[in-house]
Amino acid sequence: MTAAITARGLVKNFGATRALDGLDLEVKTGEVHGFLGPNGSGKTTTIRILLGLLRADAGEARVLGGDPWHDAVELHRRLAYVPGDVNLWPELTGGEVIDVLAKLRGGLDRRRRDELIEIFQLDPTKKGRSYSKGNRQKVALVAALASDAELLILDEPTSGLDPLMEATFRQVVRDLLDDGRTVLLSSHILSEVEALADSVSIIRQGRTVESGTLDELRHLRRTSITAETVEPAIGLAALPGVHDFRAENGQVHFEVDSEHLDPVIREIARLGVRSLISQPPTLEQLLLSHYMEDGVPAERVADVEPERAGARR
Amino acid sequence: MTAGATAQARARQETRRESSLTGLGMLLRFNLRRDRVRIPVWLASLAITTIITAWSLPDFYASAVERQQRAELMNNPAARALAGPAHGVEDYTFGAMMANEMLGFLTIFVGIMSILMITRHTRANEETGHTELVLANVVGRQAPLVAALLLAIGTNLVLALLLAVGLPAVGVETIDAVGSLAFATGLAGVGIFFAAVAAVAAQISDNSRGANTMALGALGLAYAIRGAGDMGDGTLSWLSPMGWAQAMRSYVDERWWPLALLAAFSIAIGMLAVELNRRRDFGTGLRASRPGPAGASALLKRPAGFALRLQRSSLISWAVGLFAFGALYGSLLTEIESFVEDNETILELIERVSGASLIDSWLALVITLLAITCSVFTIMATSRPRSEESAGRAEPVLSTALSRTRWFGSYLVIALGGSFVLMLIGGVGLGLGAGIASGEFDQFQEVVIAAVSYTPVLWFVGGLAAALYGLAPRAMSAVWLVLVYALTADMLGGLLQFPEWMLELSPYDHVAKMPAEDFRLLPLLVFTALAAGLIALGLATFRRRDIESA
C-alpha cells in the first residue's frame, strides 16, 4: 500500500508559539486514519499545512504524491476538506455554497449531492446566517462528500451534529472506504475514531506521541482487571507490570501491562478465582495514558518536569 | 399556613413581577463596557465637528451681506430638500445657519449611530448566541432590549448635553444657550426616535443585517419625506421626525412642542418594541427569512461571479449614492456663481485654475470630491478578501482547485471594475444635474470624461491596498490614510495655503482638473502602470504567505 499523506518532522511557529514541533504523520491509501489530540495540540495547523494554506517552517510533507504548497491547486482537485469551524456567507443559501465549493473543486455528482442533502436532512434553501452550527457543518460535509475526491480531510467533522446524524456520517464514511477512498479524520470523539479508523496518530504539543493500527496500540497498553479470589490477592500489587492497584469489598481492581498479563493471570488462578472481569484497553485509555499522568493532565506535568515526562514515553 | 410561608409566597410573586427586567443594571454596565471605545468616538466626532463648524462660521461669512447671499443660495427647492426648511433666512444669523444647514445632516448621523447601537446590542447578539448565554442566567426576558434602549437614550442625552454646553461656549454671536438647547435636544430626540425604530426592526427581522437595513431604510425614508416636504410648502415634513427637530426653529424663534412629538412617538415605538419582544420566541423574528435558491446559478459558480454576488448590494447602494451625489451638486450649479463671486474664503476653497471660469473650477472640485468619495468603495472592495480571510471563509474556498491568484484576482476585478463603473455613474449624475439646472448639456460629455479620468488614481489606491494585503495584511487599514490626506489637501489645501509639494503629494492632484484644465493622458498612464505594479506585488506576495484563519 502506498501512502496518501506523509509528513516528517513538521515544524510551524506562530511568532513565539511553536504550534508544531517535529510532527510525523503517515496515512495509507484506502484507510481511515484517526488524528487525535487535545485542543491546541496542532491538529488543525497540520491540516492547514497539508492543504497548502500554511507553509511549514521545517520538515517535509507529501499529499497524494505532490507537494502541498507548490502543487496546491492540482492536489485540491483530488481532495476535499471539511473545516472544523464552518463559517458560511450570511447571504448565500446552503445549496448555493455546496454548488460553489463543488464547482470550484471541479464538479460534483448531482445525484449524490441531492442524496446526501436528503440523508443529512439539510434544508438547502436557508441562508447561511440562519443555519445552526450543526447545519453549517452539514453544508460543508455534503459539499465534500458529494465530490469524487480520492482523499477527504475532515477536521472534527461531527462537531455540532446530533447522535443520529453522527451515525449517518459514519455510514457515509464506511461507504467511501468501500470505494477505495482515503480519509484523514481529526477528532476528539474517541468512539467515532474507534468505530471508523483503521489506524491512529495521537499528537500532543505539536508532536506525534503514538502512531499505528488500533490493534498495535492496544497491544502496547494495559488491560484492566477486576477479580475476586478465595485467598487474599494483596500480593498481586507487587507483581511487575501491575498498576493502580486498589482493594475494596473483597475485590481487587488493577491494570496490567499487556506483556505481563500471563504471569498475573496465573497468579490469580493460583489464588482461586471467584469472579474475574477483564477489559481490553479502549482508545479512551490510550489517550488518557498520554494526556494524564498521576491524575494530572500531562501538559502540566510536562511543564513542570519535561525530562521525566519525556523519559516515561 | 405560617407567616413565613406567606412571606415566601409574596417574595416569589415580587420576583415574578420584576423578572422581565432582572439584571438590567448589570447588562447596561456590560453594554457600556463593550462600547467603551465606540461611544466616545461617536460622541467626540459628532460634538467636535458641530462645535468646530459653529466656531469657523465667522471666518467664512464675515459680513451680514455674505450671510444674506448664503441665505439666498439655501432658499431654493433643491437646497431646502438637501438641508432643511430654511427658517430664519430673512435674517440669516450664524445660529440660523447652524440650524438650517447643520442640523439636518447631524440627524442622519445620530440616526445611524442609534440604529447600529441598538442592532448590535439586540438582534446581533441574539444571532451570534450571546443573548442566549445571557438569558440563561438570572436575567429577565426584556432586560437585553431595555438595556440597549437605555444605552442609546443615554448616549443621545450625553450628546445633547455636550452640544447644549459646548455650542454657546464657543462664543459666536447668536449661538446662545436657549437656541443651543433646542438644537441639541431636537437632535437627541431624533436619535432616540430611531433607536426605538431600530428596536422594532430588531423584533421584526430575524437577522442583524435585515434589522439594520430596515431601520436605516426608515431613516432614509424620513429624510426623503422631509426633503420632499421642504421642497414644497413643508406640510409633508410633519410626517418626518427630522422635520420635527427642524420645526423647533432653534436660534430663530424656538418652539418646544415638536420636542413633545419626538418624545411621545419615541416612547410609543419603544413600547411597541418591548411588546413585540414579549410576544415572539427567542431567536425568531416576526418576519422569517425567505428561503433562497436550493442551488447555485451558473454565474455564482464562477470565481468573479461569486465575488460580484457578495458585493452586489454594496455596489448598488454606491451607484445610487454617487449618482445622487453628482445630481445634487450638479443641480446647484446655477446658484453657485451668484453666491461665490463675492466670498473670498469660498473662492480660495475652490482654488481657481487661471483662465478657467468659476463654474468650471467648481465642477472640477466636485469631481475630485466624487473621486475621493468613490475611493472609499475601492478600498472597501479591495479589503474584502481580508475580511473573508479573517472570518475563516477563505479557507474552504482556497482548499478547492481555485488558485490564490484567481481568488484574490476576482475580488480585484470587482473592486477596480466597480470603481470605473461608479465614477461613470457619478459623472453622469453630475452632468445630468448640471444640465437640467442650467438648461444646456454642452458640458455633459466633458464632465463624464473628467469623472472617469480619475479611475486610474482609484486603481492606484486599490493597488496600494492590494500590495498591503499581500505584504502585511494586518496593516491594510493604513491605506485609509491616503484618503484622509487627499481629502485635506485637495479640498482644504487652497484655503490652508498648502505649499505646492504638499498638494502634489495627493495622487488626486495629478489628474487634469477638467473642465477647468485640458485632458492630460500621461498621469493616467503613469497611475495605471503604478497600479499594475502594486497589484502584481500584492498577488505575488499573497501567494507566498500563510492564510490567517479565524
# chains A, B, ... in the order shown; residues from 1 in each chain; ligands from 1
>>> interface_residues(of="chain A", to="chain B", cutoff="9 Å", atoms="only C-alpha atoms", output="ChimeraX atom specification")
/A:48,51-55,72-83,85-89,91-106,123-127,129-130,140
>>> select_by_dssp(residues="stretch 112-170 of chain A", states="alpha helix (DSSP H)", output="MDAnalysis selection string")
chainID A and resid 112:119 133:145 163:170
>>> residues_around(residues="B:Ser361", least_positions_apart="2", cutoff="6 Å", atoms="only C-alpha atoms", output="list in words")
Arg352, Leu358, Ile359, Leu363, Ala364 and Ala516 of chain B
>>> residues_around(residues="B:Leu82", least_positions_apart="3", cutoff="10 Å", atoms="only C-alpha atoms", output="ChimeraX atom specification")
/B:74,77-79,85,101,104-105,223-224,226-228,230-231,328
>>> residues_around(residues="B:Phe542", least_positions_apart="3", cutoff="10 Å", atoms="only C-alpha atoms", output="tab-separated table (two decimals) with N, CA and C atoms, in the first residue's frame")
chain	number	residue	atom	x	y	z
B	404	ARG	N	-4.83	30.83	-5.51
B	404	ARG	CA	-4.90	32.06	-4.71
B	404	ARG	C	-4.98	33.27	-5.61
B	405	THR	N	-4.23	33.24	-6.73
B	405	THR	CA	-4.22	34.38	-7.63
B	405	THR	C	-5.61	34.63	-8.21
B	408	PHE	N	-8.02	36.01	-5.26
B	408	PHE	CA	-7.77	37.41	-4.96
B	408	PHE	C	-8.09	38.27	-6.20
B	466	ALA	N	-3.97	46.38	-2.25
B	466	ALA	CA	-3.67	45.01	-2.68
B	466	ALA	C	-2.24	44.62	-2.28
B	467	ALA	N	-1.31	45.57	-2.45
B	467	ALA	CA	0.08	45.27	-2.08
B	467	ALA	C	0.18	45.02	-0.58
B	468	LEU	N	-0.52	45.85	0.20
B	468	LEU	CA	-0.51	45.66	1.65
B	468	LEU	C	-1.13	44.31	2.01
B	469	TYR	N	-2.15	43.91	1.28
B	469	TYR	CA	-2.81	42.64	1.58
B	469	TYR	C	-1.84	41.47	1.44
B	470	GLY	N	-0.98	41.57	0.43
B	470	GLY	CA	-0.01	40.50	0.27
B	470	GLY	C	1.13	40.61	1.29
B	471	LEU	N	1.61	41.84	1.48
B	471	LEU	CA	2.81	42.03	2.29
B	471	LEU	C	2.53	42.04	3.78
B	472	ALA	N	1.52	42.79	4.19
B	472	ALA	CA	1.27	42.98	5.63
B	472	ALA	C	-0.23	43.15	5.84
B	473	PRO	N	-0.98	42.05	5.76
B	473	PRO	CA	-2.44	42.16	5.81
B	473	PRO	C	-2.96	42.87	7.06
B	536	ALA	N	0.52	43.46	-8.99
B	536	ALA	CA	1.40	42.31	-9.23
B	536	ALA	C	2.16	41.97	-7.96
B	537	LEU	N	2.63	43.00	-7.26
B	537	LEU	CA	3.33	42.79	-6.00
B	537	LEU	C	2.40	42.14	-4.97
B	538	GLY	N	1.18	42.64	-4.89
B	538	GLY	CA	0.22	42.09	-3.94
B	538	GLY	C	-0.08	40.63	-4.23
B	539	LEU	N	-0.31	40.31	-5.51
B	539	LEU	CA	-0.62	38.93	-5.88
B	539	LEU	C	0.56	38.01	-5.60
B	545	ARG	N	2.44	33.80	1.21
B	545	ARG	CA	2.27	33.91	2.67
B	545	ARG	C	1.24	32.90	3.20
B	546	ASP	N	1.23	32.76	4.52
B	546	ASP	CA	0.27	31.88	5.16
B	546	ASP	C	-1.12	32.51	5.12
B	547	ILE	N	-2.14	31.65	5.05
B	547	ILE	CA	-3.51	32.14	5.18
B	547	ILE	C	-3.80	32.23	6.68
>>> residues_around(residues="stretch 262-271 of chain A", least_positions_apart="6", cutoff="12 Å", atoms="only C-alpha atoms", output="list in words")
Thr223, Ser224, Ile225, Thr226, Ala227, Glu228, Thr229, Val230, Glu231, Pro232, Ala233, Ile234, Gly235, Leu236, Ala237, Ala238, Leu239, Pro240, Gly241, Val242, His243, Gln251, Val252, Phe254, Glu255, Val256, Ile277 and Ser278 of chain A
>>> write_last_selection(atoms="C-alpha atoms", output="mmCIF file, in the first residue's frame")
data_model
loop_
_atom_site.group_PDB
_atom_site.id
_atom_site.type_symbol
_atom_site.label_atom_id
_atom_site.label_comp_id
_atom_site.auth_asym_id
_atom_site.auth_seq_id
_atom_site.Cartn_x
_atom_site.Cartn_y
_atom_site.Cartn_z
ATOM 1 C CA THR A 223 -5.784 -4.333 30.397
ATOM 2 C CA SER A 224 -7.968 -3.557 33.363
ATOM 3 C CA ILE A 225 -8.844 -6.446 35.673
ATOM 4 C CA THR A 226 -11.382 -6.803 38.433
ATOM 5 C CA ALA A 227 -11.083 -10.058 40.370
ATOM 6 C CA GLU A 228 -12.465 -11.733 43.484
ATOM 7 C CA THR A 229 -10.301 -14.538 44.827
ATOM 8 C CA VAL A 230 -10.553 -17.180 47.582
ATOM 9 C CA GLU A 231 -7.246 -16.224 49.119
ATOM 10 C CA PRO A 232 -6.298 -12.576 49.682
ATOM 11 C CA ALA A 233 -4.957 -11.041 46.468
ATOM 12 C CA ILE A 234 -2.961 -8.217 48.061
ATOM 13 C CA GLY A 235 0.255 -9.769 46.848
ATOM 14 C CA LEU A 236 -0.652 -9.061 43.217
ATOM 15 C CA ALA A 237 0.248 -5.421 43.742
ATOM 16 C CA ALA A 238 3.898 -6.333 43.920
ATOM 17 C CA LEU A 239 3.996 -8.172 40.592
ATOM 18 C CA PRO A 240 5.761 -6.487 37.698
ATOM 19 C CA GLY A 241 3.516 -4.598 35.290
ATOM 20 C CA VAL A 242 0.656 -4.067 37.739
ATOM 21 C CA HIS A 243 -0.587 -0.503 38.192
ATOM 22 C CA GLN A 251 -12.418 -7.342 45.182
ATOM 23 C CA VAL A 252 -9.222 -6.109 43.660
ATOM 24 C CA PHE A 254 -5.844 -3.022 38.802
ATOM 25 C CA GLU A 255 -4.363 -2.516 35.392
ATOM 26 C CA VAL A 256 -1.688 -4.644 33.906
ATOM 27 C CA ILE A 277 -13.621 -9.322 34.713
ATOM 28 C CA SER A 278 -11.042 -8.314 32.169
#
>>> atom_distance(atom1="atom CA of B:Glu275", atom2="atom CA of B:Val138")
20.8 Å
>>> residues_around(residues="stretch 479-484 of chain B", least_positions_apart="5", cutoff="8 Å", atoms="only C-alpha atoms", output="list in words")
Ile372, Ser375, Val376, Ile379, Val461, Leu464, Ala465 and Ser506 of chain B
>>> write_last_selection(atoms="C-alpha atoms", output="PDB file, in the first residue's frame")
ATOM      1  CA  ILE B 372     -12.196  60.676  -3.240  1.00  0.00           C
ATOM      2  CA  SER B 375     -12.207  55.600  -3.355  1.00  0.00           C
ATOM      3  CA  VAL B 376     -13.936  54.515  -0.149  1.00  0.00           C
ATOM      4  CA  ILE B 379     -10.637  50.374  -0.621  1.00  0.00           C
ATOM      5  CA  VAL B 461      -5.218  53.413  -4.286  1.00  0.00           C
ATOM      6  CA  LEU B 464      -1.760  50.104  -2.523  1.00  0.00           C
ATOM      7  CA  ALA B 465      -4.389  48.140  -0.608  1.00  0.00           C
ATOM      8  CA  SER B 506      -2.058  63.744  -3.073  1.00  0.00           C
TER       9      SER B 506
END
